[in-house]
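Notes for the one structure printed next.
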Amino acid sequence: MSKTNDFILDALKVSTEDCIKWPFVVNGNGYPHYARKGRWITVSRLICEIAHGPCPPELRDAAHNCGNRKCVNPKHLRWATRSDNCMDRVQHGTANRGKKHGKVKLTEDQVRQLRRMYAAKENLSAWARQNGFNIHTVIQAARGRTWRWLKDH
């Protein structure tokens with residue numbers, strides 16, 4: 001039996017409440033992967049299926065209650081909708097938004113400043129030109145169409 005098979009079997013038997021970090025291959029998104037019968041599968045899905053049964057048709061994600069994508073503790077995994085899983089990422093602080101997004105241009109402070117300026121009916125075009133931003137980017141942030149999650153405190 002392989003080391004990965006042994007690790008999966010051990011993870012299923014463990015009674016710890018702590019995360020069990022996968023020590024082997026992860027995919028480009030950081031999720032544990034495992035070669036089984038000639039194809040790669042996500043370990044969290046495999047363990048969730050073994051521990052909690054097949055994925056119900058109305059759900060599609062093996063979600064991590066702990067927010068650690070490398071965790072394979074069956075106690076931390078559950079079947080969830082894509083929407084629930086995305087909301088988990090927001091709660092855990094692992095969502096790819098704001099300064100964590102690879103293409104971010106504005107900072108949180110700039111967005112707050114733009115919203116104050118927009119509320120005060122100040123000239124956003126001049127601010128955009130002065131700071132080297134596209135006016136569309138600035139207006140979308142000022143109006144709350146982008147950065148919706150950012151609170152103005």
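Chains: A, B, ... in order of the structure tokens. Residues: from 1 per chain. Ligands: from 1, in order shown.
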- request: Please identify all polymer residues within 10 Å of stretch 42-59 of chain A, counting only C-alpha atoms, omitting same-chain residues fewer than 6 positions from it, and present them as a PyMOL selection string.
  value: chain A and resi 4+8-9+11-13+22+25-27+31-36+69-84
- prompt: Mind checking DSSP for stretch 41-104 of chain A and telling me the strand (DSSP E) residues as JSON, numbers by chain?
  reply: {"A": [41, 42, 61, 62, 63, 64, 77, 78, 79, 80]}
field: Counting only C-alpha atoms, the option among A:Lys151, A:Arg145, A:Lys21, A:Ile139 closest to A:Tyr118
entry: A:Ile139
- request: Using DSSP on the backbone, list every residue of chain A that comes out as alpha helix (DSSP H), and give them as a PyMOL selection string.
  value: chain A and resi 3-13+43-52+82-92+108-119+124-131+135-143
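Among the candidate residues A:Asn65, A:Asn5, A:Thr107, A:Ser15, the one lying nearest to A:Trp147 is A:Thr107, with distances computed using only C-alpha atoms.
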- request: Excluding A:Gln110 and any residue of its chain fewer than 6 positions from it, enumerate the residues within 10 Å of it, using only C-alpha atoms, and give them as a PyMOL selection string.
  value: chain A and resi 116+138+141-142
task: Check the smallest atom-to-atom distance from each of A:Asp152, A:His136, A:Ile41, A:Arg129 to A:Asp109 using only C-alpha atoms, then report the winner.
output: A:Asp152
